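Source file: model_5.txt (compact mmCIF, C-alpha atoms)
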```txt
# COMPACT_ATOMS: atom_id res chain seq x y z
CA MET A 1 94.59 94.23 122.89
CA ASN A 2 97.70 94.66 125.08
CA GLU A 3 99.44 91.92 123.12
CA ILE A 4 98.71 93.68 119.83
CA ILE A 5 99.98 97.03 121.13
CA LEU A 6 103.19 95.41 122.38
CA LYS A 7 103.62 93.70 119.02
CA GLY A 8 103.24 97.03 117.25
CA ILE A 9 105.86 98.63 119.51
CA GLU A 10 108.18 95.67 118.93
CA LYS A 11 107.82 95.97 115.17
CA VAL A 12 108.95 99.60 115.03
CA ASN A 13 111.86 99.03 117.41
CA ARG A 14 113.40 96.01 115.69
CA PRO A 15 116.87 96.49 114.16
CA PHE A 16 116.73 97.61 110.54
CA LYS A 17 118.59 94.53 109.29
CA HIS A 18 116.02 92.30 110.97
CA LYS A 19 113.12 94.27 109.51
CA LEU A 20 114.68 94.20 106.05
CA TRP A 21 115.25 90.44 106.10
CA MET A 22 111.81 89.56 107.47
CA SER A 23 110.07 91.96 105.07
CA PHE A 24 112.09 90.50 102.18
CA MET A 25 110.84 87.03 103.13
CA ALA A 26 107.24 88.26 103.42
CA GLY A 27 107.33 89.92 100.00
CA SER A 28 108.77 86.72 98.59
CA MET A 29 105.88 84.70 100.05
CA ILE A 30 103.31 87.06 98.51
CA ALA A 31 104.95 86.68 95.09
CA LEU A 32 105.21 82.90 95.44
CA ALA A 33 101.53 82.73 96.44
CA TYR A 34 100.60 84.78 93.36
CA MET A 35 102.39 82.47 90.93
CA PRO A 36 99.82 79.63 91.14
CA MET A 37 97.04 82.10 90.31
CA ILE A 38 98.86 83.06 87.11
CA LYS A 39 99.25 79.41 86.11
CA LEU A 40 95.67 78.52 87.01
CA THR A 41 94.37 81.46 84.98
CA ALA A 42 96.36 80.23 82.00
CA MET A 43 95.04 76.70 82.43
CA TYR A 44 91.36 77.35 83.18
CA GLY A 45 90.61 80.95 82.24
CA SER A 46 90.21 84.05 84.37
CA GLN A 47 87.06 83.07 86.27
CA ILE A 48 88.03 79.53 87.26
CA GLY A 49 91.64 80.62 87.74
CA LEU A 50 90.54 83.34 90.17
CA LEU A 51 88.32 80.90 92.06
CA MET A 52 91.04 78.28 92.41
CA GLY A 53 93.70 80.89 93.07
CA SER A 54 91.66 82.29 95.96
CA PHE A 55 91.99 78.87 97.64
CA LEU A 56 95.79 78.94 97.35
CA PHE A 57 96.78 82.58 97.84
CA PRO A 58 96.10 82.54 101.65
CA VAL A 59 99.05 80.14 101.99
CA GLY A 60 101.29 83.19 101.53
CA LEU A 61 99.91 84.90 104.65
CA PHE A 62 100.01 81.66 106.65
CA LEU A 63 103.73 81.29 105.88
CA ILE A 64 104.40 84.96 106.70
CA LEU A 65 102.66 84.66 110.08
CA TYR A 66 104.36 81.34 110.81
CA MET A 67 107.79 82.83 110.08
CA GLY A 68 107.08 86.08 111.92
CA GLY A 69 107.50 87.97 108.67
CA GLU A 70 106.87 91.67 108.17
CA LEU A 71 104.14 92.47 105.62
CA VAL A 72 103.34 96.13 105.09
CA THR A 73 99.57 95.62 104.94
CA GLY A 74 99.60 93.72 108.23
CA ASN A 75 101.71 96.43 109.83
CA MET A 76 99.20 99.04 108.69
CA THR A 77 96.89 97.43 111.24
CA ILE A 78 99.22 96.20 114.00
CA VAL A 79 101.59 99.18 114.13
CA GLY A 80 98.57 101.38 113.39
CA ILE A 81 96.80 100.18 116.54
CA ALA A 82 99.90 100.98 118.62
CA PHE A 83 99.88 104.46 117.04
CA LEU A 84 96.17 104.99 117.72
CA LYS A 85 96.76 104.02 121.34
CA GLY A 86 99.56 106.62 121.61
CA GLU A 87 102.36 104.07 122.05
CA VAL A 88 104.04 104.69 118.66
CA SER A 89 104.63 108.09 117.09
CA LEU A 90 103.33 109.04 113.64
CA LYS A 91 106.91 109.36 112.41
CA LYS A 92 107.91 105.89 113.62
CA MET A 93 104.78 104.34 112.14
CA LEU A 94 105.35 105.89 108.71
CA ILE A 95 109.05 104.98 108.72
CA ASN A 96 108.14 101.40 109.61
CA TRP A 97 105.65 101.20 106.75
CA ILE A 98 108.20 102.58 104.27
CA GLU A 99 110.95 100.22 105.45
CA ILE A 100 108.69 97.18 105.30
CA PHE A 101 107.30 98.18 101.90
CA ILE A 102 110.82 98.40 100.47
CA GLY A 103 111.77 95.01 101.91
CA ASN A 104 108.53 93.45 100.64
CA ALA A 105 109.14 94.89 97.16
CA LEU A 106 112.69 93.53 97.08
CA GLY A 107 111.39 90.07 97.94
CA ALA A 108 108.71 90.26 95.25
CA VAL A 109 111.24 91.41 92.65
CA PHE A 110 113.61 88.58 93.56
CA VAL A 111 110.97 85.88 93.25
CA MET A 112 109.42 87.11 90.02
CA LEU A 113 112.70 87.75 88.20
CA VAL A 114 114.90 84.98 89.59
CA LEU A 115 112.36 82.21 90.07
CA GLY A 116 109.71 83.42 87.65
CA LEU A 117 111.88 84.35 84.66
CA GLY A 118 115.30 83.01 85.63
CA ALA A 119 114.12 79.54 86.58
CA GLY A 120 111.53 79.58 83.80
CA ALA A 121 108.51 79.07 86.07
CA LEU A 122 106.60 81.94 84.45
CA GLN A 123 108.36 82.31 81.11
CA GLU A 124 105.50 80.93 79.03
CA TYR A 125 102.95 83.04 80.88
CA VAL A 126 104.49 86.46 80.19
CA PRO A 127 101.71 87.60 77.79
CA LEU A 128 99.09 86.63 80.35
CA ILE A 129 100.96 88.45 83.14
CA GLU A 130 101.06 91.57 80.98
CA THR A 131 97.31 91.32 80.39
CA MET A 132 96.63 90.82 84.10
CA ALA A 133 98.82 93.81 84.95
CA GLN A 134 96.97 96.00 82.46
CA SER A 135 93.65 95.03 84.04
CA LYS A 136 94.94 96.36 87.37
CA VAL A 137 96.25 99.72 86.15
CA THR A 138 93.29 100.64 83.93
CA ILE A 139 90.90 101.21 86.83
CA SER A 140 90.37 104.76 88.09
CA PRO A 141 92.31 106.15 91.09
CA LEU A 142 89.09 106.21 93.12
CA ALA A 143 88.37 102.58 92.28
CA ALA A 144 91.95 101.67 93.23
CA VAL A 145 91.57 103.34 96.64
CA LEU A 146 88.22 101.70 97.31
CA SER A 147 89.54 98.32 96.18
CA GLY A 148 92.52 98.75 98.51
CA ILE A 149 90.19 99.52 101.41
CA GLY A 150 88.26 96.31 100.84
CA CYS A 151 91.43 94.28 100.60
CA ASN A 152 93.05 95.40 103.83
CA TRP A 153 89.79 95.38 105.73
CA PHE A 154 89.97 91.61 105.24
CA VAL A 155 93.74 91.23 105.66
CA GLY A 156 93.79 93.35 108.81
CA LEU A 157 91.07 91.22 110.36
CA ALA A 158 92.95 88.06 109.42
CA VAL A 159 96.15 89.32 111.05
CA LEU A 160 94.29 90.36 114.22
CA PHE A 161 92.69 86.93 114.33
CA ASP A 162 96.14 85.35 114.27
CA TYR A 163 97.28 87.33 117.30
CA GLU A 164 94.12 86.89 119.34
CA ASN A 165 93.29 83.22 118.76
CA LYS A 166 95.49 80.26 119.62
CA GLN A 167 93.21 77.35 118.74
CA GLY A 168 94.33 75.54 115.59
CA LEU A 169 91.16 75.10 113.52
CA ILE A 170 89.53 78.38 114.56
CA LYS A 171 92.77 80.23 113.87
CA PHE A 172 93.10 78.57 110.46
CA VAL A 173 89.57 79.54 109.41
CA GLY A 174 89.94 83.09 110.75
CA ILE A 175 93.06 83.69 108.66
CA TYR A 176 92.15 81.66 105.59
CA LEU A 177 88.63 82.86 104.80
CA PRO A 178 89.17 86.66 104.87
CA VAL A 179 92.15 86.37 102.52
CA ALA A 180 90.37 83.95 100.19
CA ILE A 181 87.34 86.26 100.07
CA PHE A 182 89.30 89.41 99.19
CA VAL A 183 91.10 87.57 96.41
CA LEU A 184 87.88 86.10 95.03
CA ILE A 185 86.16 89.49 95.04
CA GLY A 186 89.16 90.97 93.21
CA PHE A 187 90.20 93.63 95.73
CA GLN A 188 93.71 94.96 95.21
CA HIS A 189 96.68 94.46 97.54
CA CYS A 190 99.59 96.86 97.00
CA MET A 191 102.31 94.23 97.39
CA ALA A 192 100.51 91.63 95.29
CA ASN A 193 100.32 94.31 92.58
CA VAL A 194 104.05 94.97 92.93
CA ALA A 195 104.67 91.27 92.34
CA LEU A 196 102.40 91.23 89.28
CA PHE A 197 104.02 94.36 87.81
CA VAL A 198 107.65 93.21 88.16
CA ILE A 199 107.93 91.25 84.92
CA PRO A 200 106.05 93.76 82.69
CA LEU A 201 108.22 96.54 84.16
CA PHE A 202 111.38 94.52 83.55
CA LEU A 203 110.34 93.83 79.95
CA LYS A 204 109.25 97.48 79.55
CA THR A 205 105.72 96.58 78.51
CA LEU A 206 104.34 98.54 81.45
CA ALA A 207 105.29 102.14 82.16
CA LEU A 208 106.87 102.74 85.58
CA GLU A 209 104.75 105.84 86.15
CA THR A 210 101.56 103.90 85.44
CA ALA A 211 102.54 101.16 87.88
CA LEU A 212 103.54 103.61 90.61
CA ILE A 213 100.27 105.52 90.34
CA ASN A 214 98.26 102.33 90.79
CA ILE A 215 100.42 101.12 93.68
CA ALA A 216 100.18 104.51 95.43
CA PHE A 217 96.37 104.64 95.27
CA VAL A 218 95.97 100.98 96.23
CA ALA A 219 98.39 101.47 99.15
CA LEU A 220 96.36 104.48 100.27
CA GLY A 221 93.25 102.33 100.27
CA ASN A 222 95.11 99.57 102.12
CA ILE A 223 96.07 102.12 104.80
CA VAL A 224 92.47 103.27 105.23
CA GLY A 225 91.22 99.69 105.37
CA GLY A 226 93.86 98.42 107.79
CA LEU A 227 94.35 101.48 110.02
CA PHE A 228 90.81 102.84 110.24
CA PHE A 229 88.32 100.14 109.26
CA VAL A 230 90.14 97.57 111.41
CA GLY A 231 92.57 99.39 113.73
CA TYR A 232 90.36 102.33 114.73
CA PHE A 233 87.34 100.08 115.20
CA LYS A 234 89.40 97.75 117.38
CA THR A 235 90.77 100.53 119.58
CA THR A 236 87.38 102.17 120.08
CA THR A 237 85.56 98.95 120.96
CA SER A 238 88.22 97.36 123.18
CA GLN A 239 87.99 97.77 126.94
CA VAL A 240 91.79 97.80 127.31
```
Now that the file is in, can you turn its structure into structure tokens?
Amino acid sequence: MNEIILKGIEKVNRPFKHKLWMSFMAGSMIALAYMPMIKLTAMYGSQIGLLMGSFLFPVGLFLILYMGGELVTGNMTIVGIAFLKGEVSLKKMLINWIEIFIGNALGAVFVMLVLGLGAGALQEYVPLIETMAQSKVTISPLAAVLSGIGCNWFVGLAVLFDYENKQGLIKFVGIYLPVAIFVLIGFQHCMANVALFVIPLFLKTLALETALINIAFVALGNIVGGLFFVGYFKTTTSQV
């Protein structure tokens, strides 16, 4: 637990340029991990594409953790635990989340527009991306919040597992399976949704207000899942 608290303190005190760069890289990894799911859905249909995509999407989190990247949903748990233990103020926690969210979004925008459209990797899949985006935004606000809770309950546990376990195979399973499960279930991750919405927003086939409403409610659910369902449980059950 002490290591997690120290990591949370370190995250809020890093220089802004460092946080921006590492969050940019993390957002890029999320977008890059989402691209295979789009292609697999086009090749095999939504059900098989989701199944196969759930096997590949966890690679994004592995790369983020390997690089020491800053992902907003992970920080909802790690910085959140430091806050719950009284080592980080509410203001610093919220500022950290906002800074990391912005950096993550910039990375997702870069990948989807420059590599997705610019390099042509996703050009032929634009109609499918628009359909997938519409399926995200048509759910109710309550469903978006609940879906976000489920997502970051899994992601938060995966991130904690990374910090608390050093053994290779056990660590791999502890990170891989929670992420694969949340993807397979279909729970929503605010930054994955940002990545999915970039191209429809750029092509003006998705209204900005509609996208922002979905992202806001999903992010709220992600906060509840990461901060309370994982962070609060961890702080109340730990002996440290």
Problem - Who sits within 10 Å of A:Leu160, all atoms listed in the file, same chain under 5 positions skipped, as a ChimeraX atom specification - result: /A:1,4,74,77-78,155,165,174-175,230-231,234
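Each of A:Phe197, A:Ile5, A:Gly27, A:Leu208 was checked against A:Leu128 using only C-alpha atoms; the smallest atom-to-atom distance is that of A:Phe197.
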**Request:** Can you work out which one of A:Ala158, A:Val137, A:Val173, A:Ala31 has the shortest atom-to-atom distance to A:Leu212, counting all atoms listed in the file?
**Result:**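 Between A:Ala158, A:Val137, A:Val173, A:Ala31, the residue approaching A:Leu212 most closely is A:Val137.
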Point out the residue among A:Phe229, A:Phe172, A:Trp21, A:Tyr34 with the least atom-to-atom distance to A:Gly116, counting only C-alpha atoms.
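Counting only C-alpha atoms, the residue closest to A:Gly116 is A:Tyr34.
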Surrounding residues of stretch 185-195 of chain A excluding itself and chain neighbours under 5 positions, 10 Å, all atoms listed in the file, as a compact mmCIF listing (two decimals) with C-alpha atoms, keeping the file's coordinate frame:
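Generated output (result_20.txt):
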```txt
# COMPACT_ATOMS: atom_id res chain seq x y z
CA ALA A 26 107.24 88.26 103.42
CA GLY A 27 107.33 89.92 100.00
CA SER A 28 108.77 86.72 98.59
CA MET A 29 105.88 84.70 100.05
CA ILE A 30 103.31 87.06 98.51
CA ALA A 31 104.95 86.68 95.09
CA LEU A 32 105.21 82.90 95.44
CA ALA A 33 101.53 82.73 96.44
CA TYR A 34 100.60 84.78 93.36
CA MET A 35 102.39 82.47 90.93
CA LEU A 50 90.54 83.34 90.17
CA LEU A 51 88.32 80.90 92.06
CA SER A 54 91.66 82.29 95.96
CA LEU A 71 104.14 92.47 105.62
CA VAL A 72 103.34 96.13 105.09
CA THR A 73 99.57 95.62 104.94
CA PHE A 101 107.30 98.18 101.90
CA ILE A 102 110.82 98.40 100.47
CA ASN A 104 108.53 93.45 100.64
CA ALA A 105 109.14 94.89 97.16
CA LEU A 106 112.69 93.53 97.08
CA GLY A 107 111.39 90.07 97.94
CA ALA A 108 108.71 90.26 95.25
CA VAL A 109 111.24 91.41 92.65
CA PHE A 110 113.61 88.58 93.56
CA VAL A 111 110.97 85.88 93.25
CA MET A 112 109.42 87.11 90.02
CA LEU A 113 112.70 87.75 88.20
CA MET A 132 96.63 90.82 84.10
CA ALA A 133 98.82 93.81 84.95
CA LYS A 136 94.94 96.36 87.37
CA VAL A 137 96.25 99.72 86.15
CA ALA A 143 88.37 102.58 92.28
CA ALA A 144 91.95 101.67 93.23
CA VAL A 145 91.57 103.34 96.64
CA LEU A 146 88.22 101.70 97.31
CA SER A 147 89.54 98.32 96.18
CA GLY A 148 92.52 98.75 98.51
CA ILE A 149 90.19 99.52 101.41
CA GLY A 150 88.26 96.31 100.84
CA CYS A 151 91.43 94.28 100.60
CA ASN A 152 93.05 95.40 103.83
CA PHE A 154 89.97 91.61 105.24
CA VAL A 155 93.74 91.23 105.66
CA ALA A 180 90.37 83.95 100.19
CA LEU A 201 108.22 96.54 84.16
CA ALA A 211 102.54 101.16 87.88
CA LEU A 212 103.54 103.61 90.61
CA ASN A 214 98.26 102.33 90.79
CA ILE A 215 100.42 101.12 93.68
CA ALA A 216 100.18 104.51 95.43
CA PHE A 217 96.37 104.64 95.27
CA VAL A 218 95.97 100.98 96.23
CA ALA A 219 98.39 101.47 99.15
CA LEU A 220 96.36 104.48 100.27
CA GLY A 221 93.25 102.33 100.27
CA ASN A 222 95.11 99.57 102.12
```
Would you compute an axis-aligned box for stretch 205-208 of chain A, covering every atom listed for it in the file with 3 Å of margin on each side, and report centre and edge lengths in Å to one decimal as lines of an AutoDock Vina configuration file?
```
center_x = 105.6
center_y = 99.7
center_z = 82.0
size_x = 8.5
size_y = 12.2
size_z = 13.1
```
Next item on the list: Could you jot down the atom CA of A:Tyr44 to atom CA of A:Gly120 separation for me, Å, one decimal place?
Entry: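 About the pair atom CA of A:Tyr44 and atom CA of A:Gly120: they are 20.3 Å apart.
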One decimal, in Å: what's the spacing between atom CA of A:Asn75 and atom CA of A:Ser89?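 One can read the atom CA of A:Asn75 to atom CA of A:Ser89 distance as 14.0 Å.
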Separating atom CA of A:Met93 from atom CA of A:Ser23, to the nearest tenth of an Å, is a gap of 15.2 Å
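The residue set within 10 Å of A:Gln134, counting all atoms listed in the file and dropping same-chain residues fewer than 3 places from it, reads Leu128, Ile129, Glu130, Thr131, Val137, Thr138, Ile139, Leu196, Phe197, Pro200, Thr205, Leu206, Thr210 and Ala211 of chain A.
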